file upload.txt (compact mmCIF, N, CA, C and O atoms and all ligand atoms)
# COMPACT_ATOMS: atom_id res chain seq x y z
N MET A 686 125.98 104.81 110.64
CA MET A 686 124.53 104.93 110.51
C MET A 686 124.13 104.81 109.05
O MET A 686 124.65 105.50 108.19
N SER A 687 123.23 103.89 108.77
CA SER A 687 122.82 103.72 107.38
C SER A 687 121.69 104.69 107.03
O SER A 687 120.84 105.00 107.86
N ALA A 688 121.73 105.19 105.81
CA ALA A 688 120.71 106.13 105.36
C ALA A 688 119.37 105.41 105.21
O ALA A 688 119.33 104.21 104.95
N ILE A 689 118.31 106.17 105.38
CA ILE A 689 116.97 105.59 105.20
C ILE A 689 116.70 105.40 103.71
O ILE A 689 117.00 106.27 102.90
N ASP A 690 116.20 104.24 103.37
CA ASP A 690 115.92 103.93 101.98
C ASP A 690 114.61 104.61 101.56
O ASP A 690 113.55 103.98 101.47
N ALA A 691 114.69 105.90 101.30
CA ALA A 691 113.50 106.69 101.01
C ALA A 691 112.79 106.20 99.75
O ALA A 691 111.57 106.26 99.66
N ASP A 692 113.57 105.71 98.78
CA ASP A 692 112.95 105.24 97.54
C ASP A 692 112.02 104.06 97.79
O ASP A 692 110.96 103.96 97.19
N HIS A 693 112.48 103.18 98.69
CA HIS A 693 111.65 102.04 99.04
C HIS A 693 110.32 102.51 99.64
O HIS A 693 109.25 102.05 99.24
N TYR A 694 110.38 103.45 100.57
CA TYR A 694 109.16 103.92 101.22
C TYR A 694 108.31 104.75 100.27
O TYR A 694 107.09 104.73 100.35
N ARG A 695 108.96 105.43 99.35
CA ARG A 695 108.21 106.18 98.36
C ARG A 695 107.33 105.20 97.55
O ARG A 695 106.15 105.45 97.32
N ALA A 696 107.94 104.06 97.17
CA ALA A 696 107.20 103.05 96.40
C ALA A 696 106.04 102.48 97.22
O ALA A 696 104.93 102.32 96.72
N VAL A 697 106.32 102.19 98.51
CA VAL A 697 105.27 101.66 99.40
C VAL A 697 104.13 102.67 99.52
O VAL A 697 102.95 102.32 99.41
N LEU A 698 104.51 103.94 99.74
CA LEU A 698 103.50 104.99 99.93
C LEU A 698 102.68 105.20 98.66
O LEU A 698 101.46 105.37 98.72
N GLU A 699 103.36 105.16 97.51
CA GLU A 699 102.63 105.38 96.26
C GLU A 699 101.68 104.22 95.95
O GLU A 699 100.58 104.44 95.44
N ALA A 700 102.10 103.01 96.30
CA ALA A 700 101.23 101.84 96.08
C ALA A 700 99.98 101.94 96.97
O ALA A 700 98.86 101.69 96.53
N ARG A 701 100.20 102.33 98.23
CA ARG A 701 99.09 102.46 99.16
C ARG A 701 98.14 103.57 98.71
O ARG A 701 96.92 103.46 98.78
N ARG A 702 98.73 104.63 98.19
CA ARG A 702 97.96 105.76 97.71
C ARG A 702 97.06 105.33 96.56
O ARG A 702 95.87 105.65 96.51
N ALA A 703 97.63 104.57 95.62
CA ALA A 703 96.87 104.09 94.47
C ALA A 703 95.73 103.16 94.93
O ALA A 703 94.61 103.24 94.42
N ASP A 704 96.02 102.30 95.91
CA ASP A 704 95.00 101.41 96.47
C ASP A 704 93.83 102.21 97.03
O ASP A 704 92.68 101.91 96.76
N LEU A 705 94.17 103.21 97.84
CA LEU A 705 93.14 104.01 98.49
C LEU A 705 92.29 104.74 97.46
O LEU A 705 91.08 104.81 97.58
N LEU A 706 92.94 105.26 96.43
CA LEU A 706 92.20 105.99 95.41
C LEU A 706 91.26 105.07 94.65
O LEU A 706 90.13 105.44 94.35
N SER A 707 91.69 103.84 94.38
CA SER A 707 90.79 102.95 93.64
C SER A 707 89.68 102.43 94.55
O SER A 707 88.55 102.28 94.11
N LEU A 708 89.99 102.20 95.83
CA LEU A 708 88.94 101.82 96.77
C LEU A 708 87.88 102.92 96.85
O LEU A 708 86.68 102.66 96.85
N SER A 709 88.37 104.13 96.92
CA SER A 709 87.49 105.27 97.04
C SER A 709 86.62 105.40 95.79
O SER A 709 85.42 105.67 95.86
N ASP A 710 87.22 105.16 94.65
CA ASP A 710 86.51 105.25 93.40
C ASP A 710 85.44 104.16 93.30
O ASP A 710 84.32 104.39 92.89
N ASN A 711 85.80 102.94 93.74
CA ASN A 711 84.86 101.82 93.71
C ASN A 711 83.65 102.06 94.60
O ASN A 711 82.57 101.56 94.33
N ALA A 712 83.88 102.79 95.69
CA ALA A 712 82.82 102.97 96.69
C ALA A 712 82.00 104.23 96.42
O ALA A 712 81.12 104.57 97.19
N LYS A 713 82.31 104.89 95.32
CA LYS A 713 81.67 106.17 95.02
C LYS A 713 80.14 106.09 95.05
O LYS A 713 79.48 106.94 95.63
N ASP A 714 79.61 105.03 94.44
CA ASP A 714 78.15 104.87 94.37
C ASP A 714 77.51 104.78 95.75
O ASP A 714 76.41 105.28 95.95
N ALA A 715 78.22 104.13 96.67
CA ALA A 715 77.67 103.93 98.01
C ALA A 715 77.49 105.24 98.76
O ALA A 715 76.72 105.32 99.71
N ARG A 716 78.23 106.27 98.34
CA ARG A 716 78.15 107.55 99.04
C ARG A 716 77.11 108.49 98.45
O ARG A 716 76.89 109.57 98.96
N LYS A 717 76.51 108.06 97.35
CA LYS A 717 75.50 108.91 96.73
C LYS A 717 74.35 109.13 97.68
O LYS A 717 74.04 108.26 98.50
N PRO A 718 73.68 110.26 97.55
CA PRO A 718 72.54 110.51 98.44
C PRO A 718 71.52 109.39 98.31
O PRO A 718 71.31 108.85 97.23
N VAL A 719 70.90 109.04 99.42
CA VAL A 719 69.91 107.97 99.40
C VAL A 719 68.66 108.45 98.66
O VAL A 719 68.13 109.52 98.93
N GLU A 720 68.24 107.64 97.70
CA GLU A 720 67.04 107.98 96.93
C GLU A 720 65.81 107.73 97.77
O GLU A 720 65.70 106.72 98.45
N LEU A 721 64.89 108.64 97.67
CA LEU A 721 63.65 108.46 98.43
C LEU A 721 62.71 107.51 97.69
O LEU A 721 61.84 106.88 98.27
N ASP A 722 62.93 107.43 96.42
CA ASP A 722 62.11 106.56 95.57
C ASP A 722 62.29 105.09 95.97
O ASP A 722 63.38 104.55 95.86
N GLN A 723 61.27 104.45 96.42
CA GLN A 723 61.36 103.06 96.86
C GLN A 723 61.85 102.14 95.75
O GLN A 723 62.56 101.18 95.99
N GLN A 724 61.46 102.46 94.55
CA GLN A 724 61.84 101.65 93.39
C GLN A 724 63.35 101.44 93.32
O GLN A 724 63.83 100.34 93.13
N SER A 725 64.09 102.52 93.50
CA SER A 725 65.53 102.44 93.31
C SER A 725 66.22 101.83 94.52
O SER A 725 67.35 101.38 94.44
N ILE A 726 65.58 101.83 95.65
CA ILE A 726 66.17 101.22 96.85
C ILE A 726 66.00 99.71 96.80
O ILE A 726 66.79 98.96 97.34
N GLY A 727 64.97 99.27 96.11
CA GLY A 727 64.74 97.84 96.02
C GLY A 727 64.26 97.29 97.33
O GLY A 727 63.46 97.94 98.02
N ARG A 728 64.82 96.14 97.76
CA ARG A 728 64.29 95.54 98.99
C ARG A 728 64.94 96.10 100.24
O ARG A 728 64.56 95.76 101.35
N LEU A 729 65.94 96.98 100.05
CA LEU A 729 66.54 97.61 101.22
C LEU A 729 65.58 98.63 101.79
O LEU A 729 64.98 99.41 101.07
N SER A 730 65.43 98.64 103.07
CA SER A 730 64.61 99.69 103.65
C SER A 730 65.39 100.99 103.59
O SER A 730 66.62 100.99 103.47
N ARG A 731 64.69 102.08 103.67
CA ARG A 731 65.34 103.38 103.62
C ARG A 731 66.36 103.51 104.75
O ARG A 731 67.44 104.06 104.58
N GLN A 732 66.01 102.94 105.90
CA GLN A 732 66.92 103.03 107.04
C GLN A 732 68.23 102.28 106.78
O GLN A 732 69.31 102.77 107.11
N ASP A 733 68.11 101.10 106.21
CA ASP A 733 69.31 100.33 105.85
C ASP A 733 70.17 101.12 104.88
O ASP A 733 71.39 101.17 105.00
N ALA A 734 69.49 101.72 103.92
CA ALA A 734 70.22 102.48 102.90
C ALA A 734 70.96 103.65 103.53
O ALA A 734 72.11 103.92 103.20
N LEU A 735 70.29 104.32 104.48
CA LEU A 735 70.93 105.45 105.15
C LEU A 735 72.12 104.99 105.98
O LEU A 735 73.16 105.65 106.03
N GLN A 736 71.95 103.84 106.63
CA GLN A 736 73.01 103.30 107.46
C GLN A 736 74.23 102.94 106.61
O GLN A 736 75.37 103.24 106.97
N GLN A 737 73.96 102.32 105.46
CA GLN A 737 75.06 101.95 104.57
C GLN A 737 75.77 103.19 104.03
O GLN A 737 76.98 103.20 103.89
N GLN A 738 74.98 104.20 103.75
CA GLN A 738 75.57 105.43 103.25
C GLN A 738 76.47 106.06 104.31
O GLN A 738 77.56 106.54 104.02
N ALA A 739 76.01 106.03 105.57
CA ALA A 739 76.79 106.59 106.66
C ALA A 739 78.11 105.83 106.82
O ALA A 739 79.17 106.43 107.02
N MET A 740 78.04 104.51 106.69
CA MET A 740 79.25 103.70 106.79
C MET A 740 80.21 104.02 105.65
O MET A 740 81.42 104.13 105.86
N ALA A 741 79.64 104.16 104.47
CA ALA A 741 80.47 104.47 103.31
C ALA A 741 81.15 105.82 103.48
O ALA A 741 82.32 106.00 103.13
N LYS A 742 80.42 106.76 104.06
CA LYS A 742 81.01 108.10 104.28
C LYS A 742 82.11 108.06 105.33
O LYS A 742 83.12 108.73 105.21
N ALA A 743 81.89 107.25 106.38
CA ALA A 743 82.91 107.12 107.43
C ALA A 743 84.17 106.48 106.86
O ALA A 743 85.28 106.91 107.17
N GLN A 744 83.98 105.48 106.03
CA GLN A 744 85.13 104.83 105.40
C GLN A 744 85.89 105.82 104.52
O GLN A 744 87.11 105.86 104.52
N GLU A 745 85.12 106.62 103.80
CA GLU A 745 85.74 107.60 102.92
C GLU A 745 86.52 108.63 103.73
O GLU A 745 87.60 109.06 103.33
N ALA A 746 85.99 109.01 104.88
CA ALA A 746 86.68 109.97 105.74
C ALA A 746 88.00 109.38 106.23
O ALA A 746 89.02 110.07 106.27
N ARG A 747 87.97 108.08 106.59
CA ARG A 747 89.21 107.43 107.02
C ARG A 747 90.21 107.36 105.88
O ARG A 747 91.40 107.59 106.07
N ARG A 748 89.69 107.05 104.68
CA ARG A 748 90.59 106.98 103.52
C ARG A 748 91.20 108.33 103.23
O ARG A 748 92.40 108.43 102.96
N SER A 749 90.42 109.41 103.30
CA SER A 749 91.02 110.70 102.97
C SER A 749 91.98 111.16 104.04
O SER A 749 92.98 111.82 103.73
N ALA A 750 91.74 110.77 105.29
CA ALA A 750 92.70 111.10 106.35
C ALA A 750 94.02 110.38 106.09
O ALA A 750 95.10 110.96 106.23
N GLU A 751 93.92 109.10 105.67
CA GLU A 751 95.14 108.36 105.39
C GLU A 751 95.85 108.93 104.16
O GLU A 751 97.08 109.02 104.14
N LEU A 752 95.07 109.34 103.17
CA LEU A 752 95.68 109.94 101.97
C LEU A 752 96.45 111.20 102.32
O LEU A 752 97.53 111.44 101.78
N ARG A 753 95.89 112.00 103.23
CA ARG A 753 96.59 113.23 103.63
C ARG A 753 97.92 112.89 104.29
O ARG A 753 98.93 113.55 104.06
N LYS A 754 97.91 111.83 105.13
CA LYS A 754 99.15 111.42 105.80
C LYS A 754 100.17 110.90 104.78
O LYS A 754 101.37 111.16 104.89
N ILE A 755 99.65 110.16 103.78
CA ILE A 755 100.54 109.63 102.75
C ILE A 755 101.14 110.77 101.92
O ILE A 755 102.34 110.78 101.65
N ASP A 756 100.30 111.73 101.55
CA ASP A 756 100.81 112.87 100.78
C ASP A 756 101.87 113.64 101.56
O ASP A 756 102.88 114.07 101.00
N ALA A 757 101.63 113.80 102.86
CA ALA A 757 102.61 114.49 103.70
C ALA A 757 103.92 113.71 103.75
O ALA A 757 105.01 114.28 103.68
N ALA A 758 103.82 112.37 103.84
CA ALA A 758 105.02 111.53 103.89
C ALA A 758 105.76 111.61 102.55
O ALA A 758 107.00 111.69 102.53
N LEU A 759 105.02 111.61 101.43
CA LEU A 759 105.66 111.71 100.12
C LEU A 759 106.38 113.04 99.96
O LEU A 759 107.45 113.13 99.35
N LEU A 760 105.80 114.08 100.54
CA LEU A 760 106.42 115.40 100.50
C LEU A 760 107.73 115.38 101.28
O LEU A 760 108.74 115.95 100.86
N ARG A 761 107.72 114.66 102.42
CA ARG A 761 108.96 114.54 103.20
C ARG A 761 110.02 113.77 102.43
O ARG A 761 111.21 114.07 102.53
N VAL A 762 109.58 112.78 101.63
CA VAL A 762 110.53 112.05 100.78
C VAL A 762 111.17 113.04 99.81
O VAL A 762 112.40 113.09 99.67
N GLU A 763 110.34 113.87 99.16
CA GLU A 763 110.83 114.85 98.19
C GLU A 763 111.82 115.82 98.84
O GLU A 763 112.80 116.22 98.22
N GLU A 764 111.53 116.18 100.07
CA GLU A 764 112.35 117.19 100.74
C GLU A 764 113.54 116.60 101.48
O GLU A 764 114.28 117.31 102.15
N GLY A 765 113.70 115.27 101.37
CA GLY A 765 114.81 114.61 102.03
C GLY A 765 114.68 114.55 103.54
O GLY A 765 115.66 114.35 104.25
N GLU A 766 113.46 114.73 104.02
CA GLU A 766 113.25 114.70 105.46
C GLU A 766 112.58 113.43 105.92
O GLU A 766 112.33 113.24 107.12
N PHE A 767 112.30 112.56 104.95
CA PHE A 767 111.56 111.36 105.30
C PHE A 767 112.35 110.48 106.26
O PHE A 767 113.55 110.28 106.09
N GLY A 768 111.64 109.96 107.26
CA GLY A 768 112.26 108.99 108.17
C GLY A 768 112.91 109.62 109.38
O GLY A 768 113.47 108.92 110.21
N TYR A 769 112.86 110.96 109.45
CA TYR A 769 113.42 111.62 110.63
C TYR A 769 112.30 112.14 111.51
O TYR A 769 111.29 112.65 111.03
N CYS A 770 112.48 111.99 112.78
CA CYS A 770 111.47 112.37 113.76
C CYS A 770 111.23 113.88 113.72
O CYS A 770 112.18 114.67 113.73
N ALA A 771 109.96 114.28 113.65
CA ALA A 771 109.62 115.70 113.59
C ALA A 771 109.90 116.39 114.93
O ALA A 771 110.00 117.61 115.00
N GLU A 772 110.03 115.57 115.96
CA GLU A 772 110.22 116.14 117.28
C GLU A 772 111.70 116.28 117.65
O GLU A 772 112.18 117.35 117.99
N CYS A 773 112.44 115.16 117.57
CA CYS A 773 113.84 115.19 118.04
C CYS A 773 114.85 115.13 116.89
O CYS A 773 116.04 115.32 117.11
N GLY A 774 114.36 114.89 115.66
CA GLY A 774 115.27 114.88 114.52
C GLY A 774 116.06 113.60 114.32
O GLY A 774 116.80 113.47 113.34
N GLU A 775 115.91 112.65 115.24
CA GLU A 775 116.61 111.37 115.09
C GLU A 775 115.93 110.54 114.00
O GLU A 775 114.76 110.74 113.69
N ALA A 776 116.68 109.59 113.42
CA ALA A 776 116.09 108.68 112.44
C ALA A 776 115.05 107.80 113.12
O ALA A 776 115.26 107.32 114.24
N ILE A 777 113.94 107.63 112.46
CA ILE A 777 112.88 106.74 112.96
C ILE A 777 113.27 105.31 112.61
O ILE A 777 113.75 105.05 111.50
N ALA A 778 113.11 104.38 113.55
CA ALA A 778 113.50 102.99 113.32
C ALA A 778 112.79 102.42 112.09
O ALA A 778 111.60 102.67 111.88
N THR A 779 113.56 101.68 111.27
CA THR A 779 113.00 101.08 110.06
C THR A 779 111.81 100.18 110.40
O THR A 779 110.83 100.16 109.67
N LYS A 780 111.93 99.47 111.51
CA LYS A 780 110.84 98.60 111.96
C LYS A 780 109.54 99.38 112.05
O LYS A 780 108.48 98.91 111.65
N ARG A 781 109.65 100.56 112.61
CA ARG A 781 108.48 101.42 112.80
C ARG A 781 107.96 101.91 111.45
O ARG A 781 106.76 101.91 111.19
N LEU A 782 108.85 102.33 110.58
CA LEU A 782 108.45 102.82 109.27
C LEU A 782 107.85 101.71 108.41
O LEU A 782 106.99 101.96 107.57
N ASP A 783 108.32 100.48 108.64
CA ASP A 783 107.76 99.36 107.88
C ASP A 783 106.30 99.13 108.27
O ASP A 783 105.48 98.76 107.44
N ILE A 784 106.00 99.36 109.55
CA ILE A 784 104.62 99.19 110.01
C ILE A 784 103.78 100.37 109.53
O ILE A 784 102.68 100.20 109.04
N ASP A 785 104.30 101.57 109.69
CA ASP A 785 103.57 102.77 109.27
C ASP A 785 104.51 103.79 108.64
O ASP A 785 105.13 104.59 109.34
N PRO A 786 104.63 103.75 107.31
CA PRO A 786 105.56 104.69 106.65
C PRO A 786 105.13 106.15 106.77
O PRO A 786 105.89 107.04 106.40
N THR A 787 103.92 106.39 107.29
CA THR A 787 103.51 107.78 107.46
C THR A 787 103.84 108.32 108.85
O THR A 787 103.51 109.46 109.18
N ALA A 788 104.52 107.50 109.66
CA ALA A 788 104.88 107.94 111.01
C ALA A 788 105.76 109.19 110.94
O ALA A 788 106.68 109.27 110.13
N THR A 789 105.45 110.17 111.77
CA THR A 789 106.24 111.41 111.73
C THR A 789 107.17 111.54 112.93
O THR A 789 107.99 112.44 112.98
N ARG A 790 107.00 110.64 113.91
CA ARG A 790 107.84 110.72 115.09
C ARG A 790 108.44 109.36 115.42
O ARG A 790 107.85 108.33 115.10
N CYS A 791 109.60 109.37 116.08
CA CYS A 791 110.20 108.12 116.50
C CYS A 791 109.37 107.55 117.66
O CYS A 791 108.59 108.26 118.28
N ALA A 792 109.60 106.27 117.93
CA ALA A 792 108.80 105.60 118.97
C ALA A 792 108.92 106.28 120.33
O ALA A 792 107.90 106.51 121.00
N PRO A 793 110.13 106.63 120.77
CA PRO A 793 110.23 107.30 122.09
C PRO A 793 109.43 108.60 122.14
O PRO A 793 108.74 108.85 123.14
N CYS A 794 109.51 109.42 121.09
CA CYS A 794 108.76 110.69 121.08
C CYS A 794 107.26 110.43 121.03
O CYS A 794 106.48 111.11 121.70
N ALA A 795 106.84 109.46 120.20
CA ALA A 795 105.41 109.18 120.07
C ALA A 795 104.84 108.66 121.39
O ALA A 795 103.72 108.99 121.75
N SER A 796 105.63 107.86 122.12
CA SER A 796 105.08 107.29 123.34
C SER A 796 105.21 108.27 124.51
O SER A 796 104.61 108.09 125.55
N ALA A 797 106.01 109.32 124.31
CA ALA A 797 106.17 110.34 125.37
C ALA A 797 104.96 111.26 125.42
O ALA A 797 104.81 112.04 126.37
N GLN A 798 104.10 111.17 124.41
CA GLN A 798 102.92 112.05 124.35
C GLN A 798 101.90 111.72 125.42
O GLN A 798 101.55 110.58 125.57
ZN ZN A 801 111.92 111.56 118.26
call {"tool": "encode", "arguments": {"input": "upload.txt", "output": "C-alpha cells"}}
result
Amino acid sequence: MSAIDADHYRAVLEARRADLLSLSDNAKDARKPVELDQQSIGRLSRQDALQQQAMAKAQEARRSAELRKIDAALLRVEEGEFGYCAECGEAIATKRLDIDPTATRCAPCASAQ
C-alpha cells in the first residue's frame, strides 16, 4: 500500500485557499450595504443593486464554507490523518482526493449515507 502524498494535497489545498481569499477580497465591494443615495447607485436600480448584493453574499457564504473545509483538510495533513476515511479509517482513493481534496470519507462510506 502506497502512502498518501499529503504534501501534494497540502500544496493543492493551500493554492485553492489563496484563490478563495483573493476572490473574496476582490468581491468585498459588492457585499457592501446598498446605498440609498441614487447618485452612488448610478443607472442601476435599487432592486438590481440589492439583488447583486444578495448574490455576492451567497457567493461569499459558499467561499467561506469551502474555506472551512480546506482548513479542516489542512489540519488533517498536519495531524497525519489526511486521506483516511473518517468513518472506516481506510485510505480514500487518490482519484477521489484529486477531485475533492477536502473529502473526509471514502467513496463507499460517502455513498452509504
Ligand atoms: Zn470509509
call {"tool": "atom_distance", "arguments": {"input": "upload.txt", "atom1": "atom O of Pro718 (chain A)", "atom2": "CA of Asp704 (chain A)"}}
result
24.8 Å
call {"tool": "closest_atom_pairs", "arguments": {"input": "upload.txt", "of": "chain A", "to": "ligand ZN 801 (chain A)", "cutoff": "9 Å", "atoms": "only C-alpha atoms and all ligand atoms", "output": "JSON lines"}}
result
{"residue": "A:Tyr769", "atom": "CA", "partner": "A:ZN801", "partner_atom": "ZN", "distance": 7.8}
{"residue": "A:Cys770", "atom": "CA", "partner": "A:ZN801", "partner_atom": "ZN", "distance": 4.6}
{"residue": "A:Ala771", "atom": "CA", "partner": "A:ZN801", "partner_atom": "ZN", "distance": 6.7}
{"residue": "A:Glu772", "atom": "CA", "partner": "A:ZN801", "partner_atom": "ZN", "distance": 5.0}
{"residue": "A:Cys773", "atom": "CA", "partner": "A:ZN801", "partner_atom": "ZN", "distance": 4.1}
{"residue": "A:Gly774", "atom": "CA", "partner": "A:ZN801", "partner_atom": "ZN", "distance": 6.0}
{"residue": "A:Glu775", "atom": "CA", "partner": "A:ZN801", "partner_atom": "ZN", "distance": 5.7}
{"residue": "A:Ala776", "atom": "CA", "partner": "A:ZN801", "partner_atom": "ZN", "distance": 7.7}
{"residue": "A:Ile777", "atom": "CA", "partner": "A:ZN801", "partner_atom": "ZN", "distance": 7.2}
{"residue": "A:Thr789", "atom": "CA", "partner": "A:ZN801", "partner_atom": "ZN", "distance": 8.7}
{"residue": "A:Arg790", "atom": "CA", "partner": "A:ZN801", "partner_atom": "ZN", "distance": 5.2}
{"residue": "A:Cys791", "atom": "CA", "partner": "A:ZN801", "partner_atom": "ZN", "distance": 4.2}
{"residue": "A:Ala792", "atom": "CA", "partner": "A:ZN801", "partner_atom": "ZN", "distance": 6.8}
{"residue": "A:Pro793", "atom": "CA", "partner": "A:ZN801", "partner_atom": "ZN", "distance": 6.0}
{"residue": "A:Cys794", "atom": "CA", "partner": "A:ZN801", "partner_atom": "ZN", "distance": 4.3}
{"residue": "A:Ala795", "atom": "CA", "partner": "A:ZN801", "partner_atom": "ZN", "distance": 7.2}
call {"tool": "atom_distance", "arguments": {"input": "upload.txt", "atom1": "atom O of Ala700 (chain A)", "atom2": "atom C of Gln736 (chain A)"}}
result
26.6 Å
call {"tool": "atom_distance", "arguments": {"input": "upload.txt", "atom1": "CA of Phe767 (chain A)", "atom2": "CA of Gln744 (chain A)"}}
result
27.2 Å
call {"tool": "select_by_dssp", "arguments": {"input": "upload.txt", "residues": "chain A", "states": "helix (DSSP H, G or I)", "output": "VMD selection string"}}
result
chain A and resid 691 to 711 713 to 716 723 to 726 731 to 763 779 to 784 792 to 796
call {"tool": "closest_residue", "arguments": {"input": "upload.txt", "among": "A:Ser707, A:Asp733, A:Ala788, A:Lys780", "to": "Glu766 (chain A)", "atoms": "only N, CA, C and O atoms"}}
result
A:Ala788
call {"tool": "closest_residue", "arguments": {"input": "upload.txt", "among": "A:Arg695, A:Arg761, A:Ala797, A:Ser709", "to": "Arg748 (chain A)", "atoms": "only C-alpha atoms"}}
result
A:Ser709
call {"tool": "closest_residue", "arguments": {"input": "upload.txt", "among": "A:Ala734, A:Leu698, A:Ala715, A:Leu706", "to": "Thr787 (chain A)", "atoms": "only N, CA, C and O atoms"}}
result
A:Leu698
call {"tool": "closest_residue", "arguments": {"input": "upload.txt", "among": "A:Ile755, A:Ala750, A:Ala712, A:Leu760", "to": "Gln738 (chain A)", "atoms": "only C-alpha atoms"}}
result
A:Ala712
call {"tool": "residues_around", "arguments": {"input": "upload.txt", "residues": "Gln737 (chain A)", "least_positions_apart": "4", "cutoff": "12 Å", "atoms": "only C-alpha atoms", "output": "PyMOL selection string"}}
result
chain A and resi 712+714-719+726+729-733+741-744
call {"tool": "axis_aligned_box", "arguments": {"input": "upload.txt", "around": "region 781-792 of chain A", "padding_each_side": "3 Å", "output": "AutoDock Vina command-line options"}}
result
--center_x 106.4 --center_y 105.6 --center_z 113.7 --size_x 13.5 --size_y 19.7 --size_z 20.6
call {"tool": "closest_residue", "arguments": {"input": "upload.txt", "among": "A:Ala703, A:Leu708, A:Ala696, A:Pro786", "to": "Ala757 (chain A)", "atoms": "all atoms listed in the file"}}
result
A:Pro786
call {"tool": "decode", "arguments": {"input": "upload.txt", "residues": "region 703-709 of chain A", "atoms": "all heavy atoms", "output": "CSV table (one decimal), in the first residue's frame"}}
result
chain,number,residue,atom,x,y,z
A,703,ALA,N,-5.7,30.2,-1.2
A,703,ALA,CA,-5.2,31.5,-1.6
A,703,ALA,C,-6.1,32.1,-2.7
A,703,ALA,O,-6.5,33.3,-2.6
A,703,ALA,CB,-3.8,31.4,-2.1
A,704,ASP,N,-6.6,31.2,-3.6
A,704,ASP,CA,-7.5,31.7,-4.6
A,704,ASP,C,-8.8,32.2,-4.0
A,704,ASP,O,-9.3,33.3,-4.4
A,704,ASP,CB,-7.9,30.5,-5.5
A,704,ASP,CG,-6.9,30.3,-6.7
A,704,ASP,OD1,-6.0,31.1,-6.8
A,704,ASP,OD2,-7.1,29.3,-7.4
A,705,LEU,N,-9.3,31.4,-3.1
A,705,LEU,CA,-10.6,31.8,-2.5
A,705,LEU,C,-10.5,33.1,-1.7
A,705,LEU,O,-11.3,34.0,-1.8
A,705,LEU,CB,-11.1,30.7,-1.5
A,705,LEU,CG,-11.7,29.5,-2.1
A,705,LEU,CD1,-11.8,28.4,-1.1
A,705,LEU,CD2,-13.0,29.8,-2.7
A,706,LEU,N,-9.3,33.3,-1.0
A,706,LEU,CA,-9.1,34.5,-0.2
A,706,LEU,C,-9.0,35.7,-1.2
A,706,LEU,O,-9.6,36.8,-0.9
A,706,LEU,CB,-7.9,34.4,0.7
A,706,LEU,CG,-8.1,33.4,1.8
A,706,LEU,CD1,-6.8,33.3,2.6
A,706,LEU,CD2,-9.2,33.9,2.8
A,707,SER,N,-8.4,35.6,-2.3
A,707,SER,CA,-8.3,36.7,-3.2
A,707,SER,C,-9.6,37.0,-3.9
A,707,SER,O,-9.9,38.1,-4.1
A,707,SER,CB,-7.1,36.6,-4.2
A,707,SER,OG,-7.4,35.8,-5.3
A,708,LEU,N,-10.3,35.9,-4.2
A,708,LEU,CA,-11.7,36.1,-4.8
A,708,LEU,C,-12.5,36.9,-3.8
A,708,LEU,O,-13.3,37.8,-4.2
A,708,LEU,CB,-12.3,34.8,-5.1
A,708,LEU,CG,-11.9,34.1,-6.4
A,708,LEU,CD1,-12.5,32.7,-6.4
A,708,LEU,CD2,-12.4,34.9,-7.6
A,709,SER,N,-12.5,36.5,-2.6
A,709,SER,CA,-13.3,37.1,-1.6
A,709,SER,C,-12.9,38.6,-1.4
A,709,SER,O,-13.7,39.4,-1.2
A,709,SER,CB,-13.1,36.3,-0.3
A,709,SER,OG,-13.7,37.0,0.8
